[in-house]
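Undergrad: The structure follows.
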Amino acid sequence: MDPAKYAAAHLDLRLSLLNRALRAAVERQRAEAAMLDRPDLIDRCITDRQAELLLARADRYAASAPAYPALVELTARDGYAGLAGPARLTGRELAAEDELRALAGAPLPLDALTDHFGLSELDRQVLIAVAATELDRSYERLYAFVCDEFDRRYPSVELLLVLTDGLDERHRQRIALGPFGPLRGHRLLIAHGAAPTDLRQELRLAPGVLDLLLGAPIDVAALDGDPGRVPAVPAYESAPGVPEPPPGGPVEGASAVVRQLSAALRCGTADAIGLWSARPGLAEATALRIIAATGGAPRRVVPDRSADGVREALVAAAGAPLWIPLDLDEPETPEALARALATTHSPVVVTTAAPWRPAAVLGRRRWIEVEAGPVERDPDMAVAVEKVALTAAAVADRPVSDDDRRRARAAMTAPRADRVARTIAPRRRPEDLILPPGIHEQVIEIAGFARAAPVLLDRWRDNRLFAGVQGVKTLFTGDPGTGKTLAAEVIAGLLGVHLVKVDLARVVSKWVGETSQRLEEVFAAVDGTGAVLFFDEADALFGKRGEVRHGTDRYANTEVSHLLQRLEEYTGLVVLATNLRENIDPAFTRRFHAVVNFPRPAEAERRRLWDAALPAAVRRPDVDLDALAALDLTGAGIVGAVRTAGLLADAGANGGANPSNGAGADTNDGAVGMELVLAGLSRQYRAEGRLFTPAVLQTE
């Protein structure tokens, strides 16, 4: 028996329960109709006898409330005991249901719906009653007979109340079957047509529900059509095998804020929280964790932020905290939301990209405003990075390494593509950066500064002297090819983020205002990602502001001022590289937390560079590294010469006409000998505007 057969058997079992309840309802309807004087006039008028029966039914309905035991006894004495018996599974049917579960070896479809949506026994039987009309048309006529409406095709709320339980539960069931109950709230049941009252509203299954009940392989979560429901998230979730955050660490700090705000909502100290963050998604993630920490009903969001939409969402939330993501640029929406919140008191969490402080709400609600922290303090990001790292390690069948975590963080915080900047995934490591020991230490230290800055600023947030200080700004100076770009990539790799290199050729424009606009695109692309923002040849953008002699001078100075402001607002690490430090505007210089001067490599560093660029596996024994190290070249110059030599070697190995590949070489096998290195050096010298002769090896 395949899973679909088990599902069908379970459906048949539940239909037998529906048939028993339906038979009882039909018998009652027959008994009432037999007491009428003129049953042939039912569809035309209400006779005196029928009116009396309807009044008696209303009396029994009112007398069925559990708070009135004397009236319950009167109801029983009149011979009407409700449908509590027919609407429940017998012991034998319950045993058969358990046997089906054991045979299937997996959750039955109805059980899967129950677990995912938190359905009650009433909800389960309602689904079967509504599904029955799509399985057999005879149910349509039976439902019509019970309701005395012969044009009925789908069960109504009224009919479902009759078929599912006794009158003593009618009020509770009515809420469950209402628009905000689980079945209609999650859009498992949808309204069919318009009805004058909700009691007479006909209902039908949403697309896919019947297929699932019949055993089709459908994802249960995909059936949730509630536009206001958001997925449940824990206040903090540890991935398997991931240690808890260390005491005092950034994740624990963020969790503490979540706990404090959720406690304020629970105890009523606050009934409205304003969360804002310039980083997309951070305020929303924090809001979900705050609401999750309050417990209670499922989290809800407002899909329609008009005044009526907010009120409807508050009703649907049933007193649970409501999340309202607000776009401040939407026309009229902030005003409508402010009016709705000012006249209600249900707890809400409003998320925005910038502070939102409507006077009407502040005057009538207990409002708390919080700025969501940067990426380093986002528990969602910490958990997501660990899970991505765990997955990568599991695929490779090895323990999680620091490299896995760095790559996972870089993947999770990758900036979106931008037409004026290039995103680089760091591949170079600290050992690839060949510098004098002191300079190398300063570069690695910058990564530590960037990592510690958010914690420090949070700890010193009450220090007014640090107001407005964001991120870390660094200046790299030195000749071209001395390792400035490589150092920026190494720092990004240590931080586990991407390096965003600004393309100055696409940023700088001759048109007034366009440079500032393109710079804004750059910062918008990286805001909140934690990426290292790298400006090479920065003097082209960060040059000194001069005296205004022409109209264009004023706009040029304005662009520098705009860049200065955006530089201060960026919360990540910014690296500026220049060959001409003296051309940088002093207003930028005083804002740098670190200035590193990259000198031309000395002979010791050049020896290491030649050794790294020409590893033993590709160089011939005749290559004299000591002689090559004596030449005055930068790291980029050495790499350029070796690259040319390698191309010549590969071309020779593939039949090209190239110089001999070293003394005594009989074949061209792609290895690099001294003669090819000298050929590469000759071309590199010409590229730098210098003359290279073999005598240079002795003179330099």
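Chain labels run A, B, ... following the order of the structure tokens; each chain numbers its residues from 1, and ligands are numbered from 1 in the order shown.
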Applying 12 Å and only C-alpha atoms, which residues near Val220 (chain A) remain after dropping the ones on its own chain fewer than 3 positions away? List them as a ChimeraX atom specification.
TA: /A:107-117,186,188,208-213,215-217,223-225
Undergrad: Now that the selection is made, can you save its residues with N, CA and C atoms as an mmCIF file, in the first residue's frame?
TA:
```cif
data_model
loop_
_atom_site.group_PDB
_atom_site.id
_atom_site.type_symbol
_atom_site.label_atom_id
_atom_site.label_comp_id
_atom_site.auth_asym_id
_atom_site.auth_seq_id
_atom_site.Cartn_x
_atom_site.Cartn_y
_atom_site.Cartn_z
ATOM 1 N N PRO A 107 3.667 10.777 8.667
ATOM 2 C CA PRO A 107 2.447 11.497 9.033
ATOM 3 C C PRO A 107 1.405 11.433 7.925
ATOM 4 N N LEU A 108 0.173 11.118 8.297
ATOM 5 C CA LEU A 108 -0.923 11.151 7.335
ATOM 6 C C LEU A 108 -1.222 12.603 6.969
ATOM 7 N N PRO A 109 -1.761 12.855 5.772
ATOM 8 C CA PRO A 109 -1.966 14.253 5.339
ATOM 9 C C PRO A 109 -2.761 15.090 6.329
ATOM 10 N N LEU A 110 -3.844 14.524 6.871
ATOM 11 C CA LEU A 110 -4.649 15.294 7.818
ATOM 12 C C LEU A 110 -3.852 15.603 9.082
ATOM 13 N N ASP A 111 -3.023 14.642 9.502
ATOM 14 C CA ASP A 111 -2.162 14.888 10.669
ATOM 15 C C ASP A 111 -1.115 15.956 10.362
ATOM 16 N N ALA A 112 -0.575 15.929 9.125
ATOM 17 C CA ALA A 112 0.415 16.939 8.742
ATOM 18 C C ALA A 112 -0.194 18.336 8.768
ATOM 19 N N LEU A 113 -1.428 18.460 8.283
ATOM 20 C CA LEU A 113 -2.123 19.750 8.346
ATOM 21 C C LEU A 113 -2.333 20.179 9.789
ATOM 22 N N THR A 114 -2.713 19.212 10.621
ATOM 23 C CA THR A 114 -2.971 19.516 12.031
ATOM 24 C C THR A 114 -1.714 20.033 12.714
ATOM 25 N N ASP A 115 -0.592 19.353 12.480
ATOM 26 C CA ASP A 115 0.657 19.744 13.143
ATOM 27 C C ASP A 115 1.146 21.107 12.653
ATOM 28 N N HIS A 116 1.053 21.335 11.338
ATOM 29 C CA HIS A 116 1.618 22.576 10.792
ATOM 30 C C HIS A 116 0.780 23.792 11.169
ATOM 31 N N PHE A 117 -0.542 23.656 11.129
ATOM 32 C CA PHE A 117 -1.414 24.812 11.362
ATOM 33 C C PHE A 117 -2.038 24.827 12.757
ATOM 34 N N HIS A 186 -5.781 30.877 7.641
ATOM 35 C CA HIS A 186 -4.672 30.351 6.841
ATOM 36 C C HIS A 186 -5.085 30.087 5.398
ATOM 37 N N LEU A 188 -7.047 27.852 4.226
ATOM 38 C CA LEU A 188 -7.316 26.460 3.862
ATOM 39 C C LEU A 188 -8.745 26.332 3.363
ATOM 40 N N GLY A 208 -5.368 22.785 -3.830
ATOM 41 C CA GLY A 208 -4.289 21.957 -3.309
ATOM 42 C C GLY A 208 -4.622 21.195 -2.049
ATOM 43 N N VAL A 209 -5.631 21.650 -1.280
ATOM 44 C CA VAL A 209 -5.941 20.985 -0.008
ATOM 45 C C VAL A 209 -6.494 19.583 -0.248
ATOM 46 N N LEU A 210 -7.442 19.449 -1.180
ATOM 47 C CA LEU A 210 -8.003 18.128 -1.459
ATOM 48 C C LEU A 210 -6.931 17.187 -1.996
ATOM 49 N N ASP A 211 -6.061 17.690 -2.869
ATOM 50 C CA ASP A 211 -4.985 16.853 -3.401
ATOM 51 C C ASP A 211 -4.094 16.331 -2.282
ATOM 52 N N LEU A 212 -3.803 17.208 -1.304
ATOM 53 C CA LEU A 212 -2.984 16.772 -0.169
ATOM 54 C C LEU A 212 -3.708 15.694 0.629
ATOM 55 N N LEU A 213 -5.011 15.901 0.900
ATOM 56 C CA LEU A 213 -5.772 14.925 1.666
ATOM 57 C C LEU A 213 -5.841 13.575 0.956
ATOM 58 N N GLY A 215 -3.404 12.355 -0.730
ATOM 59 C CA GLY A 215 -2.084 11.737 -0.737
ATOM 60 C C GLY A 215 -1.099 12.302 -1.723
ATOM 61 N N ALA A 216 -1.428 13.411 -2.397
ATOM 62 C CA ALA A 216 -0.476 14.006 -3.340
ATOM 63 C C ALA A 216 0.729 14.564 -2.575
ATOM 64 N N PRO A 217 1.932 14.470 -3.158
ATOM 65 C CA PRO A 217 3.154 14.949 -2.470
ATOM 66 C C PRO A 217 3.259 16.469 -2.504
ATOM 67 N N LEU A 223 0.588 25.543 1.367
ATOM 68 C CA LEU A 223 -0.858 25.760 1.365
ATOM 69 C C LEU A 223 -1.264 26.967 2.196
ATOM 70 N N ASP A 224 -0.339 27.496 2.988
ATOM 71 C CA ASP A 224 -0.676 28.618 3.857
ATOM 72 C C ASP A 224 -0.855 29.876 3.018
ATOM 73 N N GLY A 225 -2.080 30.317 2.882
ATOM 74 C CA GLY A 225 -2.365 31.504 2.081
ATOM 75 C C GLY A 225 -2.657 32.734 2.902
#
```
Undergrad: Quick one, how far is CA of Val420 (chain A) from CA of Ala577 (chain A)?
TA: 17.4 Å
Undergrad: Pick from A:Ala320, A:Pro358, A:Glu312, A:Glu688: nearest to Pro334 (chain A), with only C-alpha atoms counted?
TA: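 Under the stated criterion, the closest residue is A:Pro358.
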Undergrad: Taking the chain letters and numbering used in this document, name the residues of region 191-376 of chain A that DSSP puts in helix (DSSP H, G or I), as a PyMOL selection string.
TA: chain A and resi 198-200+209-213+220-223+250-267+282-294+307-317+333-342+359-364+375-376
Undergrad: For Ala411 (chain A), which residue out of A:Gly471, A:Gly91, A:Gly118, A:Gly496 is the nearest one, using only C-alpha atoms?
TA: A:Gly496
Undergrad: Based on the backbone DSSP call, show me all residues of region 311-340 of chain A assigned strand (DSSP E or B), as number ranges by chain.
TA: A: 322-325
Undergrad: Store the residues picked out above, limited to N, CA and C atoms, as a compact mmCIF listing (two decimals), in the first residue's frame.
TA:
```
# COMPACT_ATOMS: atom_id res chain seq x y z
N LEU A 322 1.82 42.55 16.86
CA LEU A 322 1.68 42.64 15.41
C LEU A 322 2.90 43.34 14.83
N TRP A 323 3.48 42.77 13.77
CA TRP A 323 4.63 43.38 13.11
C TRP A 323 4.14 44.19 11.91
N ILE A 324 4.54 45.46 11.84
CA ILE A 324 4.13 46.34 10.75
C ILE A 324 5.37 46.90 10.06
N PRO A 325 5.79 46.32 8.92
CA PRO A 325 6.90 46.92 8.16
C PRO A 325 6.40 48.13 7.39
```
Undergrad: So, with only C-alpha atoms as the atoms that count, which of A:Thr477, A:Thr482, A:Ser516, A:Ser346 lies closest to Glu537 (chain A)?
TA: A:Thr477
Undergrad: Which is closest to Val642 (chain A) among A:Leu676, A:Gly572, A:Ala372, A:Ala616, if we use only C-alpha atoms?
TA: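 When distances to Val642 (chain A) are compared using only C-alpha atoms, the smallest one comes from A:Leu676.
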Undergrad: So, with only C-alpha atoms as the atoms that count, which of A:Ala9, A:Leu265, A:Leu189, A:Ala627 lies closest to Gln201 (chain A)?
TA: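 Under the stated criterion, the closest residue is A:Leu189.
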Undergrad: So that I can check the surroundings of Lys473 (chain A), please list as a list in words every protein, DNA and RNA residue that reaches within 8 Å of it, counting only C-alpha atoms and ignoring chain neighbours fewer than 2 positions away.
TA: Gly471, Leu475, Leu573, Val574, Val575, Leu576, Arg591, Phe592, His593 and Ala594 of chain A
Undergrad: Keeping C-alpha atoms for every residue in the selection just given, could you write it to a file as a PDB file, in the first residue's frame?
TA:
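Result saved to result30.pdb:
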```pdb
ATOM      1  CA  GLY A 471      32.932  52.370  11.335  1.00  0.00           C
ATOM      2  CA  LEU A 475      44.346  55.442   4.420  1.00  0.00           C
ATOM      3  CA  LEU A 573      35.470  49.575   7.035  1.00  0.00           C
ATOM      4  CA  VAL A 574      36.539  52.077   4.354  1.00  0.00           C
ATOM      5  CA  VAL A 575      40.025  51.886   2.834  1.00  0.00           C
ATOM      6  CA  LEU A 576      41.369  54.737   0.706  1.00  0.00           C
ATOM      7  CA  ARG A 591      39.030  61.178  10.177  1.00  0.00           C
ATOM      8  CA  PHE A 592      41.350  58.253   9.468  1.00  0.00           C
ATOM      9  CA  HIS A 593      41.755  55.791  12.337  1.00  0.00           C
ATOM     10  CA  ALA A 594      44.887  54.352  10.727  1.00  0.00           C
TER      11      ALA A 594
END
```
